[in-house]
Every structure is written in structure tokens, then in C-alpha cells.
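Structure file query.txt (compact mmCIF, C-alpha atoms) is printed below.
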# COMPACT_ATOMS: atom_id res chain seq x y z
CA MET A 1 -14.58 -31.34 6.75
CA PRO A 2 -12.03 -28.92 5.29
CA ASP A 3 -9.20 -30.13 3.12
CA ARG A 4 -6.29 -31.35 5.20
CA PHE A 5 -3.21 -29.29 4.57
CA ASP A 6 -0.81 -30.54 7.27
CA PRO A 7 0.38 -27.12 8.47
CA LEU A 8 3.76 -26.57 10.07
CA VAL A 9 3.87 -23.59 12.41
CA ILE A 10 7.31 -22.25 13.35
CA GLY A 11 7.58 -19.91 16.30
CA GLU A 12 7.58 -19.16 19.97
CA CYS A 13 5.58 -20.36 22.92
CA VAL A 14 5.06 -17.83 25.72
CA ALA A 15 3.55 -18.26 29.18
CA ASP A 16 1.10 -15.36 29.50
CA ILE A 17 0.97 -14.35 33.17
CA VAL A 18 -2.28 -12.39 33.44
CA ARG A 19 -2.33 -9.84 36.24
CA LEU A 20 -5.49 -8.19 37.50
CA PRO A 21 -5.84 -5.82 40.47
CA GLU A 22 -6.40 -7.63 43.77
CA GLU A 23 -6.48 -11.05 42.10
CA PRO A 24 -3.87 -13.85 41.98
CA ASP A 25 -1.84 -14.21 38.79
CA ARG A 26 -3.30 -16.54 36.18
CA VAL A 27 -0.99 -18.32 33.72
CA HIS A 28 -2.27 -19.04 30.23
CA PRO A 29 -0.37 -20.86 27.46
CA GLY A 30 0.40 -18.31 24.76
CA GLY A 31 2.76 -17.06 22.08
CA SER A 32 1.32 -16.00 18.73
CA PRO A 33 2.57 -18.95 16.60
CA ALA A 34 1.67 -21.42 19.35
CA ASN A 35 -1.82 -19.93 19.52
CA VAL A 36 -2.22 -20.32 15.76
CA ALA A 37 -1.08 -23.95 15.94
CA TYR A 38 -3.50 -24.60 18.79
CA GLY A 39 -6.34 -22.95 16.87
CA LEU A 40 -5.66 -24.97 13.74
CA ALA A 41 -5.56 -28.22 15.70
CA ARG A 42 -8.86 -27.38 17.41
CA LEU A 43 -10.35 -26.81 13.97
CA GLY A 44 -9.37 -30.33 12.95
CA HIS A 45 -6.04 -29.89 11.17
CA ASP A 46 -3.02 -32.16 11.61
CA THR A 47 -0.70 -29.45 12.94
CA THR A 48 2.98 -29.49 13.89
CA LEU A 49 4.61 -26.73 15.94
CA LEU A 50 8.36 -26.24 15.72
CA THR A 51 9.27 -24.27 18.83
CA GLN A 52 11.44 -23.86 21.90
CA LEU A 53 10.27 -24.91 25.37
CA GLY A 54 12.19 -24.99 28.62
CA PRO A 55 12.18 -27.92 31.10
CA ASP A 56 10.17 -25.90 33.60
CA ALA A 57 6.60 -25.62 34.89
CA HIS A 58 5.61 -23.15 32.20
CA GLY A 59 7.06 -25.41 29.50
CA ARG A 60 5.17 -28.42 30.83
CA LEU A 61 1.94 -26.41 31.01
CA ILE A 62 2.25 -25.21 27.42
CA ARG A 63 3.26 -28.60 26.02
CA GLY A 64 0.31 -30.27 27.73
CA HIS A 65 -2.05 -27.59 26.45
CA LEU A 66 -0.88 -28.00 22.87
CA THR A 67 -0.77 -31.77 22.77
CA ALA A 68 -4.25 -31.98 24.33
CA ALA A 69 -5.56 -30.23 21.22
CA GLY A 70 -3.63 -32.59 18.95
CA VAL A 71 -0.63 -30.40 18.11
CA GLU A 72 2.60 -32.32 17.48
CA VAL A 73 5.24 -30.30 19.36
CA ARG A 74 8.79 -30.44 17.98
CA THR A 75 11.64 -28.70 19.79
CA ASP A 76 15.39 -28.29 19.47
CA ASP A 77 17.77 -29.21 22.28
CA ALA A 78 17.61 -25.83 24.04
CA THR A 79 17.30 -25.96 27.82
CA GLY A 80 16.71 -22.29 28.63
CA PRO A 81 13.61 -21.11 30.47
CA THR A 82 10.28 -20.98 28.67
CA PRO A 83 9.58 -17.42 27.49
CA SER A 84 7.00 -15.52 29.53
CA ALA A 85 5.01 -12.30 29.36
CA ALA A 86 3.29 -10.36 32.10
CA VAL A 87 -0.11 -9.43 30.64
CA THR A 88 -1.96 -6.42 32.02
CA LEU A 89 -5.61 -5.90 31.07
CA ASP A 90 -7.31 -2.51 31.04
CA ASP A 91 -10.96 -1.86 31.86
CA HIS A 92 -11.96 -2.89 28.33
CA GLY A 93 -10.01 -6.17 28.36
CA HIS A 94 -7.30 -4.82 26.07
CA ALA A 95 -3.95 -6.51 26.78
CA THR A 96 -0.46 -5.02 27.09
CA TYR A 97 2.64 -7.18 27.52
CA ALA A 98 6.00 -7.09 29.31
CA PHE A 99 8.22 -9.87 27.97
CA GLU A 100 11.00 -12.10 29.24
CA VAL A 101 11.92 -13.85 26.03
CA GLY A 102 14.97 -15.56 24.59
CA TRP A 103 14.64 -17.05 21.11
CA THR A 104 17.52 -19.31 20.14
CA LEU A 105 15.80 -21.96 18.01
CA GLY A 106 18.29 -24.26 16.33
CA PRO A 107 17.75 -26.41 13.22
CA VAL A 108 15.38 -29.36 13.60
CA VAL A 109 15.00 -32.19 11.07
CA LEU A 110 11.36 -32.75 10.09
CA ASP A 111 9.90 -36.20 9.47
CA ARG A 112 7.84 -35.03 6.50
CA ALA A 113 7.56 -32.01 4.26
CA PRO A 114 4.70 -29.70 5.26
CA ARG A 115 2.03 -28.60 2.82
CA HIS A 116 1.74 -25.18 4.44
CA VAL A 117 4.09 -23.16 6.66
CA HIS A 118 3.04 -20.40 9.05
CA THR A 119 5.34 -18.16 11.06
CA GLY A 120 5.58 -14.70 12.54
CA SER A 121 5.86 -12.56 15.65
CA ILE A 122 8.96 -12.75 17.85
CA ALA A 123 10.26 -15.85 16.07
CA ALA A 124 10.75 -14.05 12.77
CA VAL A 125 12.73 -11.06 14.10
CA VAL A 126 14.58 -11.96 17.32
CA GLU A 127 18.03 -13.45 16.78
CA PRO A 128 19.61 -15.91 16.79
CA GLY A 129 16.45 -17.99 16.30
CA ALA A 130 15.05 -15.76 13.55
CA ALA A 131 17.79 -16.89 11.17
CA THR A 132 16.62 -20.49 11.58
CA VAL A 133 13.02 -19.47 10.89
CA LEU A 134 13.87 -17.53 7.75
CA ALA A 135 16.08 -20.34 6.41
CA ALA A 136 13.30 -22.87 7.01
CA VAL A 137 10.69 -20.78 5.22
CA GLU A 138 12.99 -20.17 2.27
CA SER A 139 13.76 -23.87 1.92
CA LEU A 140 10.17 -25.09 2.34
CA ARG A 141 8.19 -22.60 0.27
CA ALA A 142 8.92 -24.39 -3.03
CA GLY A 143 6.67 -27.23 -1.86
CA ALA A 144 4.33 -25.37 0.50
CA THR A 145 2.25 -22.25 0.71
CA VAL A 146 3.35 -19.75 3.38
CA SER A 147 1.53 -17.42 5.77
CA TYR A 148 2.97 -14.73 8.01
CA ASP A 149 1.78 -12.47 10.84
CA PRO A 150 4.31 -9.89 12.09
CA ASN A 151 2.36 -9.52 15.39
CA VAL A 152 4.63 -6.62 16.36
CA ARG A 153 5.97 -6.49 19.92
CA PRO A 154 7.82 -3.14 20.10
CA GLU A 155 9.68 -4.10 23.29
CA LEU A 156 11.41 -6.94 21.42
CA MET A 157 11.69 -5.69 17.86
CA GLY A 158 14.90 -3.74 18.35
CA GLU A 159 15.80 -0.91 15.99
CA ARG A 160 12.85 -0.13 13.72
CA ALA A 161 14.67 -0.09 10.37
CA ARG A 162 16.28 -3.48 11.01
CA ALA A 163 12.99 -4.99 12.16
CA LEU A 164 11.17 -3.51 9.17
CA ALA A 165 13.67 -5.04 6.75
CA ARG A 166 13.06 -8.49 8.27
CA VAL A 167 9.29 -8.03 8.22
CA GLU A 168 9.33 -7.02 4.57
CA ARG A 169 11.52 -10.01 3.70
CA CYS A 170 8.97 -12.31 5.35
CA VAL A 171 6.11 -10.58 3.53
CA ALA A 172 7.83 -11.16 0.18
CA LEU A 173 8.22 -14.88 0.97
CA SER A 174 4.56 -15.30 1.90
CA ASP A 175 1.33 -16.09 0.11
CA VAL A 176 -0.95 -14.90 2.92
CA VAL A 177 -0.10 -12.04 5.29
CA LYS A 178 -2.15 -10.79 8.23
CA ALA A 179 -1.38 -7.73 10.36
CA SER A 180 -3.24 -5.49 12.77
CA ASP A 181 -3.61 -1.76 12.24
CA GLU A 182 -1.49 -1.34 15.40
CA ASP A 183 1.27 -3.44 13.82
CA LEU A 184 1.26 -1.23 10.74
CA THR A 185 1.25 1.98 12.78
CA TRP A 186 4.46 0.91 14.54
CA LEU A 187 6.13 -0.29 11.36
CA TYR A 188 5.03 2.64 9.17
CA PRO A 189 3.99 5.53 11.44
CA ASP A 190 3.53 7.97 8.55
CA GLU A 191 1.38 5.78 6.29
CA ARG A 192 -2.22 4.65 6.23
CA ALA A 193 -2.87 0.93 6.69
CA GLU A 194 -4.43 0.70 3.22
CA GLN A 195 -1.29 2.10 1.61
CA VAL A 196 0.93 -0.41 3.38
CA ALA A 197 -1.39 -3.30 2.53
CA GLU A 198 -1.35 -2.31 -1.16
CA ARG A 199 2.44 -2.24 -1.21
CA TRP A 200 2.68 -5.57 0.59
CA LEU A 201 0.29 -7.14 -1.90
CA ALA A 202 2.46 -5.89 -4.74
CA ALA A 203 5.50 -7.53 -3.10
CA GLY A 204 4.16 -11.03 -3.77
CA PRO A 205 1.39 -12.28 -1.44
CA ALA A 206 -1.97 -13.32 -2.87
CA LEU A 207 -3.87 -12.05 0.16
CA VAL A 208 -3.16 -9.31 2.71
CA LEU A 209 -5.52 -9.01 5.67
CA VAL A 210 -5.61 -6.14 8.16
CA THR A 211 -7.51 -6.35 11.45
CA ARG A 212 -8.91 -3.20 13.08
CA GLY A 213 -10.21 -4.39 16.43
CA GLY A 214 -13.82 -3.37 16.96
CA ALA A 215 -13.88 -1.83 13.47
CA GLY A 216 -13.58 -5.24 11.82
CA ALA A 217 -11.09 -6.15 9.10
CA PHE A 218 -10.34 -5.71 5.43
CA ALA A 219 -8.50 -7.81 2.86
CA LEU A 220 -6.71 -6.93 -0.35
CA PHE A 221 -6.29 -9.46 -3.16
CA ALA A 222 -5.60 -9.40 -6.89
CA ASP A 223 -9.20 -8.58 -7.82
CA GLY A 224 -9.82 -5.85 -5.25
CA ARG A 225 -10.82 -5.34 -1.63
CA ALA A 226 -13.23 -7.01 0.79
CA VAL A 227 -14.43 -5.81 4.20
CA ALA A 228 -15.93 -7.51 7.25
CA GLU A 229 -17.48 -5.90 10.31
CA ALA A 230 -16.57 -7.13 13.77
CA LEU A 231 -19.21 -9.29 15.45
CA ARG A 232 -20.96 -7.88 18.51
CA VAL A 233 -19.86 -9.83 21.56
CA ASP A 234 -19.22 -9.14 25.24
CA VAL A 235 -15.43 -8.82 25.35
CA VAL A 236 -13.68 -10.58 28.23
CA ASP A 237 -10.19 -9.86 26.93
CA THR A 238 -8.39 -9.52 23.61
CA VAL A 239 -5.62 -12.06 24.33
CA GLY A 240 -5.14 -14.26 21.27
CA ALA A 241 -7.77 -12.52 19.13
CA GLY A 242 -5.42 -11.88 16.21
CA ASP A 243 -4.10 -15.44 16.36
CA ALA A 244 -7.65 -16.83 16.24
CA PHE A 245 -8.29 -14.58 13.25
CA MET A 246 -5.22 -16.13 11.61
CA SER A 247 -6.20 -19.74 12.31
CA GLY A 248 -9.73 -18.99 11.10
CA THR A 249 -8.30 -17.52 7.91
CA LEU A 250 -6.15 -20.57 7.19
CA HIS A 251 -9.00 -22.94 8.05
CA ALA A 252 -11.27 -21.23 5.53
CA LEU A 253 -8.60 -21.06 2.82
CA ALA A 254 -7.95 -24.79 3.26
CA ALA A 255 -11.69 -25.49 2.96
CA HIS A 256 -11.62 -23.70 -0.40
CA GLY A 257 -8.64 -25.81 -1.50
CA LEU A 258 -6.33 -22.79 -1.61
CA LEU A 259 -3.43 -23.97 0.55
CA GLY A 260 -0.78 -26.61 -0.06
CA PRO A 261 1.33 -27.81 -2.98
CA GLY A 262 -0.06 -26.70 -6.31
CA ALA A 263 -2.54 -24.27 -4.76
CA ARG A 264 -0.51 -21.07 -5.18
CA ASP A 265 -1.94 -20.21 -8.61
CA ARG A 266 -5.51 -20.80 -7.40
CA LEU A 267 -4.83 -18.68 -4.33
CA HIS A 268 -3.70 -15.77 -6.52
CA ALA A 269 -6.82 -16.16 -8.67
CA MET A 270 -9.46 -16.28 -5.91
CA ASP A 271 -12.55 -14.11 -6.30
CA ARG A 272 -14.31 -11.63 -4.02
CA ASP A 273 -16.90 -14.14 -2.77
CA THR A 274 -14.13 -16.46 -1.61
CA VAL A 275 -12.24 -13.68 0.18
CA THR A 276 -15.45 -12.48 1.81
CA ASP A 277 -16.12 -15.99 3.10
CA VAL A 278 -12.56 -16.23 4.45
CA LEU A 279 -13.05 -12.93 6.29
CA ARG A 280 -16.34 -14.18 7.77
CA HIS A 281 -14.58 -17.22 9.22
CA ALA A 282 -11.67 -15.17 10.51
CA VAL A 283 -13.84 -12.54 12.21
CA ALA A 284 -16.09 -15.18 13.76
CA SER A 285 -13.07 -17.09 15.10
CA ALA A 286 -11.73 -13.91 16.71
CA ALA A 287 -15.14 -13.06 18.17
CA VAL A 288 -15.40 -16.39 19.97
CA THR A 289 -11.93 -15.90 21.40
CA VAL A 290 -12.50 -12.41 22.82
CA SER A 291 -15.70 -13.60 24.48
CA ARG A 292 -13.70 -15.73 26.94
CA ALA A 293 -10.50 -15.45 28.95
CA GLY A 294 -7.08 -16.06 27.44
CA ALA A 295 -6.07 -17.35 24.02
CA ASN A 296 -8.94 -19.83 23.74
CA PRO A 297 -9.92 -20.16 20.05
CA PRO A 298 -12.98 -22.05 18.86
CA GLY A 299 -13.26 -25.65 17.86
CA ALA A 300 -14.90 -26.50 14.54
CA ASP A 301 -18.40 -26.85 16.03
CA GLU A 302 -18.09 -23.55 17.91
CA LEU A 303 -16.95 -21.76 14.78
CA ARG A 304 -19.88 -23.15 12.78
CA GLU A 305 -22.27 -22.01 15.51
CA ALA A 306 -20.75 -18.52 15.52
CA LEU A 307 -21.11 -18.33 11.75
CA ASP A 308 -24.70 -19.53 11.92
CA ASN A 309 -25.51 -16.72 14.37
CA THR A 310 -24.15 -13.96 12.11

Final C-alpha cells representation of the file:
Amino acid sequence: MPDRFDPLVIGECVADIVRLPEEPDRVHPGGSPANVAYGLARLGHDTTLLTQLGPDAHGRLIRGHLTAAGVEVRTDDATGPTPSAAVTLDDHGHATYAFEVGWTLGPVVLDRAPRHVHTGSIAAVVEPGAATVLAAVESLRAGATVSYDPNVRPELMGERARALARVERCVALSDVVKASDEDLTWLYPDERAEQVAERWLAAGPALVLVTRGGAGAFALFADGRAVAEALRVDVVDTVGAGDAFMSGTLHALAAHGLLGPGARDRLHAMDRDTVTDVLRHAVASAAVTVSRAGANPPGADELREALDNT
């Protein structure tokens, strides 16, 4: 059983309305931070999600989904509709999104201090809620490690320079950062992913991971670079793949005792074998998720089985 690190995830829930030709709409609970919280809970971690949910059918669906996995859902007093996204899948299962999102998260008092904080995506850039997220991370990081995934949604990011400034602020506050090559292309269209990852690592994180879809992933850390190939699976869709990669990453880091109070120095000193093992877990977690519909990450037994088959 991995070390318990009591993660707090701060960010949005989104009802993913999946639309396929000549088929009825299917609604899946989604939202990048919510997916990460769900994945961590399924992997056995005592996870809290600080989010915003409306008093509507989508909100009830998402809350039930999260609590069934063991996520403690904390919300502010907002009563607006639950954010939603129309998800269109191409012939290869690749997802594109059209959002209806408002993010107005207000301050919420926590019962206990978290040992690790994860945030990202819409929650970290869309105002007015993004200010609450940034303030929370800044206040909590003295007693917790921090992870961040920009999970770029161009339709919601606003003006690029402003969004980039917020992303880079979040990177500097974080110990672990994960991004996709598509994220980096939108943020830095004239730079290679490796160049951006090197600069991000120099800004403060101990670990920067970049996913490349079917080409696998790489990670930069103080002692160098590690690479993992994608696992061969029949892809149903890519919804939630990056979020499963993130929860798999945190799960593995916790198992190595590299998250939580007092772990920051050890995290910065980790060796190549440790990073390679973290990548193995992350890639396997993503592979399980793309092999089935929606953001459906593995439980601990499923992840072990996937790793055993690699």
C-alpha cells in the first residue's frame, strides 16, 4: 500500500456530454482536477476535492460519481449551473471540446491541512475563481508539496500572454508539473517541448513531465531525463488520459515517499530509476483509461495488472 499523503485537489468539475454520429448523447463526469481526484481515490488515497457544483442533474451525477470512489467533495456556496462540455470524438477516439463553463470558486475553510495540493486546468486561469486557487496554493505550499497540470483549453484561456503569465506563476509554485505536447504548442508555439520543459524545471519544480500521446512521455529532473513508451492498447477514446497519467504519477511518487511535508528535498534529489518507475505507473494508468470510454482511470488492482503485463 502506498504512503498516504492526503491530497487536496482544487479545481473544476465538468459534465462531459459525448456526442457520436447517430447515437444519443452520453454524459460522463469530467473536469481535469475532478478526474485526478477520482483517480487518486480509486488508487486508495484519502482525497478531498475543493470545487464548484450546481444544484442540477449534472451536479448530482458528478457528486455521486466522486463520492462513490471515496472522494470528499467540498464546495463553496455557489448556485450556478454545473459546467459542461460537448465532447466530439474523431475516428481515432481523439476528443475535442466545446465548453459552457463559469468558474467563480469562493474561499472555503478546510477541516485539516493537506499534505499535498494538486490543481490546474480551467481552475487556475479563469477568473474570478482562479484568484482563489492561486491564493490557496500560495498559502498551503509551506506545509504541502504541490503539483500542477495546465491542461490547456484554448477556448477558455483568453489572451495568450495573460494566460501564459498565470501558467508560469503556477509552475514556479509547484514541485511536480505535467503538461502535454499540445499544451506546450499552444503556450509556446515557437519552441520545442524539451526547451520549455528545461526552462520550467529551472523555475523551481523537481519534476517536469511531458506527455506525447502515442509517442509516450518524457520527464526532466535534476539528474537528467527519462523516457517511457506508450503501451499498446486498443484506444476507445482519449477522454481523461492525461488526468489518469497525473494520478498515476502522484500515486507512484507517494509510494516512493516523495510527497507531503518534509518530502520536498527528497523529491528534488530523486534518481533516474525512481523517475523511470514513476513514468511506468503514469503511462500504464493512462493506457487503462484510453482502453475504455470516458474518464475511467484504473483502481489499484487494475494498475498493478497493467504494470505486470508490460

Quick one: of A:Gly143, A:Gly102, A:Gly158, A:Gly204, who's nearest to A:Ala263, counting only C-alpha atoms?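 Checking each of A:Gly143, A:Gly102, A:Gly158, A:Gly204 against A:Ala263, counting only C-alpha atoms, the winner is A:Gly143.
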
Non-local contacts of stretch 48-65 of chain A (8 Å; all atoms listed in the file; under 3 positions in same chain excluded) as a count of residues only: 31

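Distance-wise, atom CA of A:Asp277 and atom CA of A:Val227 end up 10.4 Å apart.
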
Surrounding residues of A:Arg141 excluding itself and chain neighbours under 4 positions, 10 Å, all atoms listed in the file, as a VMD selection string: chain A and resid 114 to 117 136 to 137 145 to 146 173 to 175 260 to 261

Write a file of the just-selected residues containing C-alpha atoms, as a CSV table (one decimal), in the frame of the given file.
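Written out: result_0.csv:
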chain,number,residue,atom,x,y,z
A,114,PRO,CA,4.7,-29.7,5.3
A,115,ARG,CA,2.0,-28.6,2.8
A,116,HIS,CA,1.7,-25.2,4.4
A,117,VAL,CA,4.1,-23.2,6.7
A,136,ALA,CA,13.3,-22.9,7.0
A,137,VAL,CA,10.7,-20.8,5.2
A,145,THR,CA,2.2,-22.2,0.7
A,146,VAL,CA,3.4,-19.8,3.4
A,173,LEU,CA,8.2,-14.9,1.0
A,174,SER,CA,4.6,-15.3,1.9
A,175,ASP,CA,1.3,-16.1,0.1
A,260,GLY,CA,-0.8,-26.6,-0.1
A,261,PRO,CA,1.3,-27.8,-3.0

Quick check, in Å to one decimal: how far apart do atom CA of A:Ala193 and atom CA of A:Glu168 lie?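 If I compute the distance from atom CA of A:Ala193 to atom CA of A:Glu168, I get 14.7 Å.
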
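You can rank A:Leu20, A:Ala130, A:Leu187, A:Ala202 by their closest distance to A:Glu159 using only C-alpha atoms, and at the top of that list sits A:Leu187.
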
Nearest to A:Ala269: which of A:Gly216, A:Gly299, A:Gly129, A:Pro205 is it, counting only C-alpha atoms?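 Ranking A:Gly216, A:Gly299, A:Gly129, A:Pro205 by distance to A:Ala269, first place goes to A:Pro205.
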
Which value, in Å to one decimal, gives the distance between atom CA of A:Ser285 and atom CA of A:Val36? 11.3 Å

To test the calculation: enclose all listed atoms of stretch 210-217 of chain A in a box whose edges run along x, y and z, add 8 Å on each side, then state centre and edge lengths in Å to one decimal, as AutoDock Vina command-line options.
--center_x -9.7 --center_y -4.1 --center_z 12.6 --size_x 24.3 --size_y 20.5 --size_z 24.8

Using all atoms listed in the file, find the one residue out of A:Val239, A:Val14, A:Ala228, A:Leu184 that sits nearest to A:Glu100. A:Val14

Selected residue, from A:Leu259, A:Ala161, A:Ala287, A:Val233, that lies nearest to A:His118 when counting all atoms listed in the file: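 For A:His118, the nearest of the candidates is A:Leu259.
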
Please determine, counting all atoms listed in the file, which residue among A:Gly39, A:Gly120, A:Pro107, A:Gly44 has the shortest atom-to-atom distance to A:Thr289. A:Gly39

Nearby residues, (-3.4, -0.5, 10.4) file frame, 12 Å, only C-alpha atoms, as a VMD selection string: chain A and resid 151 to 152 178 to 198 208 to 213 215 to 219

Restricting the output to C-alpha atoms, write the selected residues as a PDB file, in the coordinates of the input.
ATOM      1  CA  ASN A 151       2.360  -9.520  15.390  1.00  0.00           C
ATOM      2  CA  VAL A 152       4.630  -6.620  16.360  1.00  0.00           C
ATOM      3  CA  LYS A 178      -2.150 -10.790   8.230  1.00  0.00           C
ATOM      4  CA  ALA A 179      -1.380  -7.730  10.360  1.00  0.00           C
ATOM      5  CA  SER A 180      -3.240  -5.490  12.770  1.00  0.00           C
ATOM      6  CA  ASP A 181      -3.610  -1.760  12.240  1.00  0.00           C
ATOM      7  CA  GLU A 182      -1.490  -1.340  15.400  1.00  0.00           C
ATOM      8  CA  ASP A 183       1.270  -3.440  13.820  1.00  0.00           C
ATOM      9  CA  LEU A 184       1.260  -1.230  10.740  1.00  0.00           C
ATOM     10  CA  THR A 185       1.250   1.980  12.780  1.00  0.00           C
ATOM     11  CA  TRP A 186       4.460   0.910  14.540  1.00  0.00           C
ATOM     12  CA  LEU A 187       6.130  -0.290  11.360  1.00  0.00           C
ATOM     13  CA  TYR A 188       5.030   2.640   9.170  1.00  0.00           C
ATOM     14  CA  PRO A 189       3.990   5.530  11.440  1.00  0.00           C
ATOM     15  CA  ASP A 190       3.530   7.970   8.550  1.00  0.00           C
ATOM     16  CA  GLU A 191       1.380   5.780   6.290  1.00  0.00           C
ATOM     17  CA  ARG A 192      -2.220   4.650   6.230  1.00  0.00           C
ATOM     18  CA  ALA A 193      -2.870   0.930   6.690  1.00  0.00           C
ATOM     19  CA  GLU A 194      -4.430   0.700   3.220  1.00  0.00           C
ATOM     20  CA  GLN A 195      -1.290   2.100   1.610  1.00  0.00           C
ATOM     21  CA  VAL A 196       0.930  -0.410   3.380  1.00  0.00           C
ATOM     22  CA  ALA A 197      -1.390  -3.300   2.530  1.00  0.00           C
ATOM     23  CA  GLU A 198      -1.350  -2.310  -1.160  1.00  0.00           C
ATOM     24  CA  VAL A 208      -3.160  -9.310   2.710  1.00  0.00           C
ATOM     25  CA  LEU A 209      -5.520  -9.010   5.670  1.00  0.00           C
ATOM     26  CA  VAL A 210      -5.610  -6.140   8.160  1.00  0.00           C
ATOM     27  CA  THR A 211      -7.510  -6.350  11.450  1.00  0.00           C
ATOM     28  CA  ARG A 212      -8.910  -3.200  13.080  1.00  0.00           C
ATOM     29  CA  GLY A 213     -10.210  -4.390  16.430  1.00  0.00           C
ATOM     30  CA  ALA A 215     -13.880  -1.830  13.470  1.00  0.00           C
ATOM     31  CA  GLY A 216     -13.580  -5.240  11.820  1.00  0.00           C
ATOM     32  CA  ALA A 217     -11.090  -6.150   9.100  1.00  0.00           C
ATOM     33  CA  PHE A 218     -10.340  -5.710   5.430  1.00  0.00           C
ATOM     34  CA  ALA A 219      -8.500  -7.810   2.860  1.00  0.00           C
TER      35      ALA A 219
END

A:Ala293: which residues within 8 Å, counting only C-alpha atoms, same-chain residues fewer than 2 positions away excluded, as a list in words?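 Returned residues: Val236, Asp237, Val239, Thr289, Val290, Ser291, Ala295 and Asn296 of chain A.
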
Around the point (-3.7, -16.1, 16.9), in the coordinates given by the file, pick out the residues reaching within 8 Å, counting all atoms listed in the file, and return them as a list in words.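 Checked against the point, the hits come out as Ser32, Pro33, Ala34, Asn35, Val36, Gly39, Gly240, Ala241, Gly242, Asp243, Ala244, Phe245, Met246, Ser247 and Ala295 of chain A.
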